[in-house]
>>> print(open('protein10.cif').read())   # mmCIF, C-alpha atoms
data_my_file
#
loop_
_atom_site.label_atom_id
_atom_site.label_comp_id
_atom_site.auth_asym_id
_atom_site.auth_seq_id
_atom_site.Cartn_x
_atom_site.Cartn_y
_atom_site.Cartn_z
CA MET A 142 129.25 140.93 272.51
CA GLU A 143 130.43 140.12 269.00
CA GLU A 144 130.84 143.84 268.26
CA LEU A 145 133.09 144.24 271.31
CA ILE A 146 135.26 141.31 270.23
CA THR A 147 135.56 142.86 266.76
CA ALA A 148 136.48 146.21 268.32
CA LYS A 149 139.26 144.59 270.37
CA LYS A 150 140.61 142.87 267.26
CA GLN A 151 140.62 146.17 265.34
CA PHE A 152 142.58 147.94 268.08
CA SER A 153 144.99 145.02 268.21
CA LYS A 154 145.56 145.33 264.46
CA LEU A 155 146.13 149.05 264.94
CA GLY A 156 148.81 148.36 267.53
CA TRP A 157 150.51 145.61 265.53
CA PHE A 158 150.68 147.74 262.39
CA TYR A 159 152.34 150.59 264.31
CA VAL A 160 154.75 148.02 265.74
CA ALA A 161 155.49 146.85 262.18
CA ALA A 162 156.14 150.43 261.13
CA THR A 163 158.43 150.92 264.14
CA PHE A 164 160.60 147.92 263.31
CA THR A 165 160.63 148.81 259.62
CA ILE A 166 161.96 152.25 260.50
CA LEU A 167 164.60 150.78 262.80
CA ALA A 168 165.65 148.18 260.22
CA VAL A 169 166.04 150.74 257.44
CA GLN A 170 167.95 153.03 259.81
CA LEU A 171 170.38 150.24 260.68
CA VAL A 172 170.94 149.29 257.04
CA MET A 173 171.46 152.92 256.03
CA SER A 174 173.85 153.54 258.94
CA PHE A 175 175.86 150.44 258.04
CA LEU A 176 176.13 151.39 254.36
CA ILE A 177 177.01 155.00 255.15
CA SER A 178 179.68 153.91 257.65
CA LEU A 179 181.22 151.76 254.89
CA PHE A 180 181.13 154.18 251.98
CA CYS A 181 180.62 157.70 253.40
CA PRO A 182 181.58 157.66 257.10
CA GLN A 183 182.07 161.44 257.14
CA VAL A 184 178.32 161.89 256.73
CA LEU A 185 177.73 160.44 260.21
CA SER A 186 179.51 163.38 261.80
CA ASN A 187 177.24 165.90 260.05
CA MET A 188 174.13 166.32 262.21
CA ASN A 189 172.21 168.17 259.49
CA LEU A 190 172.67 165.33 257.02
CA ASN A 191 171.82 162.82 259.75
CA ILE A 192 168.47 164.49 260.33
CA LEU A 193 167.65 164.55 256.63
CA LEU A 194 168.71 160.92 256.21
CA GLY A 195 166.72 160.01 259.32
CA MET A 196 163.56 161.18 257.56
CA ILE A 197 163.96 158.53 254.85
CA PRO A 198 163.20 155.44 257.01
CA MET A 199 160.08 157.11 258.41
CA TYR A 200 158.70 159.00 255.44
CA LEU A 201 159.64 156.59 252.65
CA ALA A 202 159.47 153.21 254.40
CA GLY A 203 157.77 152.86 257.78
CA PHE A 204 154.90 155.31 257.41
CA PRO A 205 153.92 154.34 253.83
CA LEU A 206 153.86 150.68 254.94
CA LEU A 207 151.72 151.63 257.92
CA ALA A 208 149.22 153.56 255.78
CA LEU A 209 148.97 150.64 253.35
CA LEU A 210 148.37 148.09 256.10
CA LEU A 211 145.71 150.18 257.81
CA LYS A 212 143.85 151.07 254.64
CA LYS A 213 143.65 147.42 253.60
CA ASN A 214 142.88 145.83 256.96
CA VAL A 215 141.13 148.29 259.30
CA PRO A 216 137.95 150.07 258.15
CA ALA A 217 137.90 153.85 258.46
CA GLN A 218 135.15 156.32 259.26
CA LYS A 219 135.85 160.03 258.88
CA PRO A 220 134.56 162.38 261.60
CA GLU A 221 131.72 164.66 260.54
CA ARG A 222 132.87 167.93 258.97
CA HIS A 223 132.11 171.11 260.94
CA LYS A 224 133.34 174.66 260.42
CA MET A 225 135.58 176.45 262.90
CA THR A 226 135.41 180.24 263.21
CA ALA A 227 138.51 182.44 263.39
CA GLY A 228 137.74 183.18 267.04
CA GLN A 229 137.48 179.50 267.89
CA TYR A 230 140.79 178.86 266.14
CA VAL A 231 142.55 181.59 268.16
CA LEU A 232 141.14 180.18 271.41
CA SER A 233 142.29 176.71 270.34
CA VAL A 234 145.82 178.04 269.75
CA ILE A 235 145.94 179.60 273.22
CA ILE A 236 144.63 176.46 274.94
CA CYS A 237 146.99 174.22 272.96
CA PHE A 238 150.03 176.34 273.84
CA GLY A 239 148.97 176.67 277.47
CA LEU A 240 148.42 172.95 278.02
CA ALA A 241 151.62 172.04 276.17
CA TYR A 242 153.80 174.45 278.17
CA ALA A 243 152.28 173.26 281.45
CA ALA A 244 152.81 169.61 280.47
CA ASN A 245 156.38 170.41 279.43
CA ILE A 246 157.10 171.85 282.88
CA VAL A 247 155.71 168.71 284.51
CA GLY A 248 157.84 166.55 282.20
CA ASN A 249 160.98 168.56 283.00
CA ILE A 250 160.30 168.29 286.74
CA VAL A 251 159.93 164.51 286.46
CA THR A 252 163.14 164.12 284.44
CA THR A 253 164.97 166.41 286.88
CA VAL A 254 163.85 164.30 289.84
CA ILE A 255 164.88 161.12 288.01
CA GLY A 256 168.26 162.70 287.26
CA ILE A 257 168.75 163.58 290.94
CA MET A 258 167.78 160.07 292.03
CA ARG A 259 170.25 158.41 289.68
CA GLY A 260 172.99 160.99 290.30
CA LYS A 261 173.21 162.01 286.65
CA PRO A 262 171.09 164.52 284.70
CA VAL A 263 168.73 163.13 282.08
CA GLU A 264 169.97 164.43 278.76
CA ASN A 265 167.44 166.35 276.70
CA GLU A 266 168.24 164.81 273.31
CA ILE A 267 166.05 167.24 271.38
CA LEU A 268 167.66 170.32 272.93
CA SER A 269 171.12 168.96 272.17
CA ILE A 270 170.21 168.13 268.57
CA MET A 271 168.46 171.46 267.86
CA ASP A 272 171.46 173.42 269.11
CA SER A 273 173.73 171.78 266.51
CA LEU A 274 171.43 172.04 263.47
CA ASN A 275 171.25 174.58 260.69
CA PRO A 276 168.13 176.77 261.21
CA ALA A 277 166.95 175.98 257.66
CA VAL A 278 167.03 172.24 258.43
CA VAL A 279 165.14 172.83 261.69
CA PHE A 280 162.49 174.86 259.84
CA VAL A 281 161.97 172.33 257.05
CA TYR A 282 161.87 169.35 259.39
CA MET A 283 159.98 170.72 262.40
CA VAL A 284 157.69 173.34 260.87
CA ILE A 285 156.81 171.80 257.50
CA CYS A 286 157.47 168.06 257.26
CA ALA A 287 156.80 166.80 260.78
CA PRO A 288 153.38 168.47 261.30
CA ILE A 289 152.02 167.30 257.93
CA VAL A 290 153.22 163.71 258.26
CA GLU A 291 152.49 163.34 261.98
CA GLU A 292 148.96 164.70 261.68
CA TYR A 293 148.22 162.22 258.93
CA ILE A 294 149.84 159.26 260.73
CA PHE A 295 148.74 159.95 264.32
CA ARG A 296 145.54 161.87 263.83
CA LYS A 297 143.83 160.84 260.60
CA LEU A 298 144.88 157.19 260.40
CA ILE A 299 144.16 156.53 264.07
CA VAL A 300 141.08 158.71 264.66
CA ASP A 301 139.37 157.58 261.46
CA ARG A 302 139.64 153.99 262.70
CA ALA A 303 138.82 154.57 266.37
CA VAL A 304 136.05 157.18 266.23
CA ARG A 305 133.38 154.54 265.48
CA TYR A 306 133.92 153.43 269.09
CA GLY A 307 133.46 156.93 270.49
CA GLN A 308 135.23 160.28 270.20
CA ALA A 309 136.81 160.00 273.66
CA VAL A 310 138.40 156.65 272.78
CA ALA A 311 139.79 158.07 269.53
CA VAL A 312 141.24 161.11 271.30
CA VAL A 313 142.99 159.09 274.04
CA VAL A 314 144.39 156.45 271.67
CA SER A 315 145.69 159.08 269.23
CA GLY A 316 147.30 161.20 271.94
CA LEU A 317 148.92 158.35 273.84
CA MET A 318 150.37 156.68 270.74
CA PHE A 319 151.67 160.04 269.53
CA GLY A 320 153.34 160.76 272.86
CA LEU A 321 154.95 157.33 273.15
CA PHE A 322 156.27 157.43 269.59
CA HIS A 323 158.52 160.38 270.50
CA GLY A 324 160.61 157.88 272.46
CA ASN A 325 161.81 160.11 275.31
CA LEU A 326 160.33 161.36 278.57
CA ASN A 327 161.18 165.01 277.87
CA GLN A 328 158.73 165.05 274.98
CA PHE A 329 156.25 162.41 276.12
CA ALA A 330 154.28 164.63 278.50
CA TYR A 331 153.62 167.57 276.20
CA ALA A 332 153.38 165.46 273.02
CA THR A 333 150.64 163.35 274.62
CA VAL A 334 148.72 166.44 275.72
CA ILE A 335 149.08 168.12 272.31
CA GLY A 336 148.15 164.89 270.57
CA MET A 337 144.95 164.55 272.57
CA PHE A 338 143.97 168.19 272.02
CA LEU A 339 144.62 168.03 268.29
CA ALA A 340 142.69 164.75 268.10
CA PHE A 341 139.81 166.50 269.91
CA LEU A 342 139.84 169.27 267.29
CA TYR A 343 139.91 166.71 264.50
CA VAL A 344 136.96 164.68 265.79
CA LYS A 345 134.99 167.90 266.23
CA THR A 346 135.83 169.51 262.88
CA GLY A 347 136.79 166.59 260.63
CA ASN A 348 139.32 169.00 259.10
CA LEU A 349 142.93 167.84 259.21
CA ARG A 350 144.16 171.17 257.82
CA ILE A 351 143.19 172.81 261.11
CA THR A 352 145.31 170.44 263.19
CA ILE A 353 148.21 170.62 260.72
CA SER A 354 148.27 174.43 260.84
CA LEU A 355 148.11 174.46 264.66
CA HIS A 356 150.84 171.83 264.84
CA MET A 357 152.98 173.93 262.49
CA LEU A 358 152.42 177.03 264.60
CA PHE A 359 153.36 175.24 267.81
CA ASN A 360 156.51 173.73 266.28
CA PHE A 361 157.47 177.11 264.84
CA VAL A 362 157.27 178.82 268.22
CA GLY A 363 158.29 175.96 270.48
CA GLY A 364 160.90 174.42 268.21
CA PHE A 365 162.23 176.74 265.53
CA LEU A 366 161.97 180.12 267.28
CA SER A 367 163.13 178.81 270.65
CA SER A 368 166.17 177.15 269.03
CA LEU A 369 167.14 180.48 267.43
CA LEU A 370 166.84 182.25 270.78
CA ILE A 371 168.93 179.60 272.53
CA LYS A 372 171.66 180.18 269.96
CA ALA A 373 171.28 183.94 270.38
CA ILE A 374 172.09 183.73 274.11
CA ASP A 375 174.88 181.17 273.55
CA LEU A 376 173.44 178.82 276.15
CA GLU A 377 176.44 176.51 276.10
CA GLY A 378 178.74 179.46 276.76
CA TYR A 379 176.51 180.64 279.58
CA MET A 380 176.51 177.19 281.21
CA ASP A 381 180.31 177.10 281.03
CA ALA A 382 180.49 180.57 282.58
CA ALA A 383 178.03 179.64 285.31
CA SER A 384 179.96 176.46 286.15
CA SER A 385 183.09 178.56 286.73
CA GLY A 386 181.40 180.23 289.72
CA ASP A 387 182.87 183.61 288.73
CA MET A 388 180.10 186.22 288.54
CA GLN A 389 182.27 188.56 286.48
CA VAL A 390 182.63 185.85 283.82
CA VAL A 391 178.88 185.24 283.91
CA MET A 392 178.03 188.94 283.56
CA ARG A 393 180.52 189.34 280.72
CA GLN A 394 178.93 186.44 278.88
CA ILE A 395 175.46 187.96 279.36
CA MET A 396 176.56 191.42 278.18
CA GLU A 397 178.17 189.94 275.08
CA ASN A 398 174.81 188.42 274.16
CA LEU A 399 172.55 191.09 275.67
CA GLY A 400 170.26 191.38 272.64
CA GLY A 401 169.64 187.66 272.68
CA TRP A 402 168.92 187.68 276.42
CA ILE A 403 166.37 190.48 276.00
CA LEU A 404 164.56 188.55 273.27
CA TYR A 405 164.78 185.38 275.35
CA GLY A 406 163.26 187.21 278.29
CA LEU A 407 160.37 188.47 276.13
CA PHE A 408 159.86 184.94 274.84
CA GLY A 409 159.75 183.67 278.42
CA MET A 410 157.07 186.23 279.25
CA PHE A 411 155.11 185.08 276.20
CA VAL A 412 155.35 181.46 277.33
CA ILE A 413 154.16 182.30 280.85
CA GLY A 414 151.31 184.41 279.50
CA MET A 415 150.17 181.73 277.08
CA MET A 416 150.39 179.05 279.76
CA ILE A 417 148.26 181.02 282.24
CA ALA A 418 145.73 182.07 279.58
CA GLY A 419 145.53 178.57 278.12
CA ILE A 420 144.99 176.86 281.47
CA VAL A 421 142.37 179.41 282.53
CA LEU A 422 140.48 179.01 279.25
CA PHE A 423 140.67 175.23 279.51
CA ILE A 424 139.25 175.30 283.05
CA VAL A 425 136.49 177.72 282.08
CA PHE A 426 135.50 175.71 278.99
CA ALA A 427 135.66 172.44 280.95
CA ALA A 428 133.40 173.94 283.64
CA LYS A 429 130.94 174.98 280.93
CA ARG A 430 131.08 171.46 279.47
CA ARG A 431 132.51 172.60 276.15
CA PHE A 432 134.73 169.52 275.94
CA THR A 433 132.09 166.90 275.29
CA PHE A 434 132.53 163.62 273.46
CA ALA A 435 129.93 161.90 271.32
CA GLY A 436 129.53 158.14 271.35
CA GLY A 437 130.28 156.02 268.31
CA GLU A 438 128.32 153.64 266.17
CA THR A 439 129.55 150.76 268.33
CA ILE A 440 128.78 151.42 271.98
CA ILE A 441 131.48 150.23 274.38
CA PRO A 442 130.52 150.19 278.09
CA ARG A 443 132.59 152.69 280.05
CA GLU A 444 134.16 150.00 282.24
CA LEU A 445 135.36 148.11 279.14
CA LYS A 446 136.75 150.99 277.08
CA PHE A 447 140.30 150.77 278.43
CA SER A 448 140.53 146.97 278.19
CA ILE A 449 139.20 146.93 274.64
CA ALA A 450 141.33 149.82 273.36
CA PHE A 451 144.57 148.90 275.16
CA GLY A 452 144.10 145.43 276.68
CA ASN A 453 144.97 143.58 273.50
CA LEU A 454 148.22 142.10 272.23
CA GLY A 455 148.86 144.64 269.47
CA MET A 456 148.42 147.77 271.56
CA MET A 457 150.25 146.25 274.54
CA ALA A 458 153.19 145.37 272.29
CA PHE A 459 153.32 148.93 270.94
CA ILE A 460 153.14 150.44 274.44
CA VAL A 461 155.77 148.12 275.91
CA ILE A 462 158.22 148.69 273.04
CA TRP A 463 158.07 152.46 273.38
CA ILE A 464 158.14 152.44 277.18
CA VAL A 465 161.30 150.35 276.98
CA ARG A 466 162.72 152.90 274.53
CA ILE A 467 161.93 155.72 276.97
CA VAL A 468 163.47 153.85 279.90
CA VAL A 469 166.64 153.14 277.89
CA GLN A 470 166.88 156.86 277.07
CA LEU A 471 166.50 157.73 280.77
CA LEU A 472 169.22 155.31 281.84
CA ALA A 473 171.68 156.18 279.05
#
>>> encode(input="protein10.cif", output="structure tokens")
Amino acid sequence: MEELITAKKQFSKLGWFYVAATFTILAVQLVMSFLISLFCPQVLSNMNLNILLGMIPMYLAGFPLLALLLKKNVPAQKPERHKMTAGQYVLSVIICFGLAYAANIVGNIVTTVIGIMRGKPVENEILSIMDSLNPAVVFVYMVICAPIVEEYIFRKLIVDRAVRYGQAVAVVVSGLMFGLFHGNLNQFAYATVIGMFLAFLYVKTGNLRITISLHMLFNFVGGFLSSLLIKAIDLEGYMDAASSGDMQVVMRQIMENLGGWILYGLFGMFVIGMMIAGIVLFIVFAAKRRFTFAGGETIIPRELKFSIAFGNLGMMAFIVIWIVRIVVQLLA
């Protein structure tokens, strides 16, 4: 019983420290925005500079504070190290892409339904931001910086402190916190799924470089490459043409960007292929019981796992804060 009480306290600390990091990031963002608006207001209109400046509160304030708090107050236990073959890595890539694309479709359907119910489409903030950014900024942020930092913050720091209570617990906590931290419903579904799958790979291999590389690959294809293709078809121009209701205008817009539309079509076929292959592989592996989870040093009864991991003040505070953020984004 004492071990279960200790476990609940550790998860509460985990939640509170991520809450502290969240408010630190927000506070630094507010101070920076205020100072910039006073001395360099023109910077606020430059989306590329905004993205780069937005990395400072997270990477130089909130996340370092979080790492310090966790290292000093919550004991860590690294997962056992196991090798992954090249074939296993390729299969992992396919499954990761497939699950993520399927989850993204589900997320888009949900946001579309919500948009219909409220009489106003739910804005996809990420799509809007990516369309206005310099490709070099997108590459540095999404393909290099984000995967490295996020895998350390949401995989290593969380899994190393939750795996002693069982691999399944570590995977669910890591994935859910990762999904919520994105702060919008468009990303929540697929980010949670990706987070859980990457956490599964980490608990099974103990190798963060594997999850970082897979995260980089996914962001390259799903973020960087897709943003280039959207620019290549001039999506905004196409939407304007489509809203006119004149098919001649629509066809002219398509012909002017025909090369981009061909590449976009090939990319769409790739996405569909990866989604089907990934889901099929996942089902086959699940049926063969390839996705198994070992217990931890501290055994938590199945009926108590959820209440211990999430039924504590720290984790509930983290969850509520980010759900509120998601709801605000939906209603904006």
>>> resolve_selection(input="protein10.cif", expression="the PyMOL selection byres ((chain A and resi 181-189) around 9)", output="PDB file with C-alpha atoms, keeping the file's coordinate frame")
ATOM      1  CA  SER A 174     173.850 153.540 258.940  1.00  0.00           C
ATOM      2  CA  LEU A 176     176.130 151.390 254.360  1.00  0.00           C
ATOM      3  CA  ILE A 177     177.010 155.000 255.150  1.00  0.00           C
ATOM      4  CA  SER A 178     179.680 153.910 257.650  1.00  0.00           C
ATOM      5  CA  LEU A 179     181.220 151.760 254.890  1.00  0.00           C
ATOM      6  CA  PHE A 180     181.130 154.180 251.980  1.00  0.00           C
ATOM      7  CA  LEU A 190     172.670 165.330 257.020  1.00  0.00           C
ATOM      8  CA  ASN A 191     171.820 162.820 259.750  1.00  0.00           C
ATOM      9  CA  ILE A 192     168.470 164.490 260.330  1.00  0.00           C
ATOM     10  CA  LEU A 193     167.650 164.550 256.630  1.00  0.00           C
ATOM     11  CA  LEU A 194     168.710 160.920 256.210  1.00  0.00           C
ATOM     12  CA  ILE A 270     170.210 168.130 268.570  1.00  0.00           C
ATOM     13  CA  SER A 273     173.730 171.780 266.510  1.00  0.00           C
ATOM     14  CA  LEU A 274     171.430 172.040 263.470  1.00  0.00           C
ATOM     15  CA  ASN A 275     171.250 174.580 260.690  1.00  0.00           C
ATOM     16  CA  VAL A 278     167.030 172.240 258.430  1.00  0.00           C
ATOM     17  CA  VAL A 279     165.140 172.830 261.690  1.00  0.00           C
TER      18      VAL A 279
END
>>> resolve_selection(input="protein10.cif", expression="the PyMOL selection byres ((chain A and resi 430-433) around 12)", output="number ranges by chain")
A: 229, 233, 307-309, 312, 337-338, 341-342, 344-345, 422-429, 434-436
>>> atom_distance(input="protein10.cif", atom1="atom CA of A:Lys446", atom2="atom CA of A:Cys237")
25.7 Å
>>> resolve_selection(input="protein10.cif", expression="the PyMOL selection byres ((chain A and resi 357-360) around 12)", output="PyMOL selection string")
chain A and resi 230-231+233-242+279-292+331-332+335-336+339+350-356+361-368+412+415
>>> atom_distance(input="protein10.cif", atom1="atom CA of A:Met225", atom2="atom CA of A:Gly414")
24.2 Å
>>> closest_residue(input="protein10.cif", among="A:Leu207, A:Met388, A:Met416, A:Ile449", to="A:Ala303", atoms="all atoms listed in the file")
A:Ile449
>>> build_atoms(input="protein10.cif", residues="stretch 315-346 of chain A", atoms="N, CA and C atoms", output="PDB file, in the frame of the given file")
ATOM      1  N   SER A 315     144.846 158.254 270.085  1.00  0.00           N
ATOM      2  CA  SER A 315     145.690 159.080 269.230  1.00  0.00           C
ATOM      3  C   SER A 315     146.753 159.814 270.032  1.00  0.00           C
ATOM      4  N   GLY A 316     146.354 160.432 271.135  1.00  0.00           N
ATOM      5  CA  GLY A 316     147.300 161.200 271.940  1.00  0.00           C
ATOM      6  C   GLY A 316     148.367 160.351 272.588  1.00  0.00           C
ATOM      7  N   LEU A 317     147.955 159.207 273.150  1.00  0.00           N
ATOM      8  CA  LEU A 317     148.920 158.350 273.840  1.00  0.00           C
ATOM      9  C   LEU A 317     149.926 157.744 272.863  1.00  0.00           C
ATOM     10  N   MET A 318     149.456 157.269 271.709  1.00  0.00           N
ATOM     11  CA  MET A 318     150.370 156.680 270.740  1.00  0.00           C
ATOM     12  C   MET A 318     151.323 157.733 270.188  1.00  0.00           C
ATOM     13  N   PHE A 319     150.832 158.941 270.003  1.00  0.00           N
ATOM     14  CA  PHE A 319     151.670 160.040 269.530  1.00  0.00           C
ATOM     15  C   PHE A 319     152.747 160.379 270.546  1.00  0.00           C
ATOM     16  N   GLY A 320     152.367 160.444 271.820  1.00  0.00           N
ATOM     17  CA  GLY A 320     153.340 160.760 272.860  1.00  0.00           C
ATOM     18  C   GLY A 320     154.400 159.696 273.001  1.00  0.00           C
ATOM     19  N   LEU A 321     153.995 158.428 273.007  1.00  0.00           N
ATOM     20  CA  LEU A 321     154.950 157.330 273.150  1.00  0.00           C
ATOM     21  C   LEU A 321     155.923 157.273 271.984  1.00  0.00           C
ATOM     22  N   PHE A 322     155.433 157.553 270.785  1.00  0.00           N
ATOM     23  CA  PHE A 322     156.270 157.430 269.590  1.00  0.00           C
ATOM     24  C   PHE A 322     157.444 158.412 269.595  1.00  0.00           C
ATOM     25  N   HIS A 323     157.395 159.442 270.424  1.00  0.00           N
ATOM     26  CA  HIS A 323     158.520 160.380 270.500  1.00  0.00           C
ATOM     27  C   HIS A 323     159.734 159.738 271.166  1.00  0.00           C
ATOM     28  N   GLY A 324     159.506 158.699 271.970  1.00  0.00           N
ATOM     29  CA  GLY A 324     160.610 157.880 272.460  1.00  0.00           C
ATOM     30  C   GLY A 324     161.472 158.468 273.551  1.00  0.00           C
ATOM     31  N   ASN A 325     161.049 159.574 274.181  1.00  0.00           N
ATOM     32  CA  ASN A 325     161.810 160.110 275.310  1.00  0.00           C
ATOM     33  C   ASN A 325     160.856 160.829 276.254  1.00  0.00           C
ATOM     34  N   LEU A 326     161.214 160.821 277.542  1.00  0.00           N
ATOM     35  CA  LEU A 326     160.330 161.360 278.570  1.00  0.00           C
ATOM     36  C   LEU A 326     160.194 162.869 278.478  1.00  0.00           C
ATOM     37  N   ASN A 327     161.237 163.554 277.992  1.00  0.00           N
ATOM     38  CA  ASN A 327     161.180 165.010 277.870  1.00  0.00           C
ATOM     39  C   ASN A 327     160.032 165.447 276.977  1.00  0.00           C
ATOM     40  N   GLN A 328     159.782 164.693 275.924  1.00  0.00           N
ATOM     41  CA  GLN A 328     158.730 165.050 274.980  1.00  0.00           C
ATOM     42  C   GLN A 328     157.406 164.346 275.250  1.00  0.00           C
ATOM     43  N   PHE A 329     157.463 163.212 275.956  1.00  0.00           N
ATOM     44  CA  PHE A 329     156.250 162.410 276.120  1.00  0.00           C
ATOM     45  C   PHE A 329     155.086 163.188 276.723  1.00  0.00           C
ATOM     46  N   ALA A 330     155.361 163.943 277.781  1.00  0.00           N
ATOM     47  CA  ALA A 330     154.280 164.630 278.500  1.00  0.00           C
ATOM     48  C   ALA A 330     153.552 165.611 277.597  1.00  0.00           C
ATOM     49  N   TYR A 331     154.308 166.545 276.996  1.00  0.00           N
ATOM     50  CA  TYR A 331     153.620 167.570 276.200  1.00  0.00           C
ATOM     51  C   TYR A 331     153.129 167.034 274.857  1.00  0.00           C
ATOM     52  N   ALA A 332     153.832 166.034 274.299  1.00  0.00           N
ATOM     53  CA  ALA A 332     153.380 165.460 273.020  1.00  0.00           C
ATOM     54  C   ALA A 332     152.051 164.721 273.209  1.00  0.00           C
ATOM     55  N   THR A 333     151.890 164.044 274.341  1.00  0.00           N
ATOM     56  CA  THR A 333     150.640 163.350 274.620  1.00  0.00           C
ATOM     57  C   THR A 333     149.494 164.342 274.772  1.00  0.00           C
ATOM     58  N   VAL A 334     149.746 165.415 275.501  1.00  0.00           N
ATOM     59  CA  VAL A 334     148.720 166.440 275.720  1.00  0.00           C
ATOM     60  C   VAL A 334     148.339 167.113 274.397  1.00  0.00           C
ATOM     61  N   ILE A 335     149.347 167.510 273.620  1.00  0.00           N
ATOM     62  CA  ILE A 335     149.080 168.120 272.310  1.00  0.00           C
ATOM     63  C   ILE A 335     148.333 167.141 271.414  1.00  0.00           C
ATOM     64  N   GLY A 336     148.789 165.892 271.417  1.00  0.00           N
ATOM     65  CA  GLY A 336     148.150 164.890 270.570  1.00  0.00           C
ATOM     66  C   GLY A 336     146.683 164.717 270.900  1.00  0.00           C
ATOM     67  N   MET A 337     146.347 164.697 272.175  1.00  0.00           N
ATOM     68  CA  MET A 337     144.950 164.550 272.570  1.00  0.00           C
ATOM     69  C   MET A 337     144.132 165.786 272.173  1.00  0.00           C
ATOM     70  N   PHE A 338     144.710 166.972 272.358  1.00  0.00           N
ATOM     71  CA  PHE A 338     143.970 168.190 272.020  1.00  0.00           C
ATOM     72  C   PHE A 338     143.749 168.295 270.520  1.00  0.00           C
ATOM     73  N   LEU A 339     144.769 167.990 269.740  1.00  0.00           N
ATOM     74  CA  LEU A 339     144.620 168.030 268.290  1.00  0.00           C
ATOM     75  C   LEU A 339     143.634 166.963 267.811  1.00  0.00           C
ATOM     76  N   ALA A 340     143.655 165.796 268.451  1.00  0.00           N
ATOM     77  CA  ALA A 340     142.690 164.750 268.100  1.00  0.00           C
ATOM     78  C   ALA A 340     141.272 165.210 268.433  1.00  0.00           C
ATOM     79  N   PHE A 341     141.122 165.939 269.539  1.00  0.00           N
ATOM     80  CA  PHE A 341     139.810 166.500 269.910  1.00  0.00           C
ATOM     81  C   PHE A 341     139.325 167.462 268.825  1.00  0.00           C
ATOM     82  N   LEU A 342     140.219 168.330 268.356  1.00  0.00           N
ATOM     83  CA  LEU A 342     139.840 169.270 267.290  1.00  0.00           C
ATOM     84  C   LEU A 342     139.468 168.533 266.014  1.00  0.00           C
ATOM     85  N   TYR A 343     140.194 167.454 265.727  1.00  0.00           N
ATOM     86  CA  TYR A 343     139.910 166.710 264.500  1.00  0.00           C
ATOM     87  C   TYR A 343     138.567 165.991 264.570  1.00  0.00           C
ATOM     88  N   VAL A 344     138.248 165.374 265.708  1.00  0.00           N
ATOM     89  CA  VAL A 344     136.960 164.680 265.790  1.00  0.00           C
ATOM     90  C   VAL A 344     135.801 165.666 265.771  1.00  0.00           C
ATOM     91  N   LYS A 345     136.059 166.911 266.197  1.00  0.00           N
ATOM     92  CA  LYS A 345     134.990 167.900 266.230  1.00  0.00           C
ATOM     93  C   LYS A 345     134.822 168.656 264.908  1.00  0.00           C
ATOM     94  N   THR A 346     135.904 168.761 264.137  1.00  0.00           N
ATOM     95  CA  THR A 346     135.830 169.510 262.880  1.00  0.00           C
ATOM     96  C   THR A 346     135.927 168.620 261.643  1.00  0.00           C
TER      97      THR A 346
END
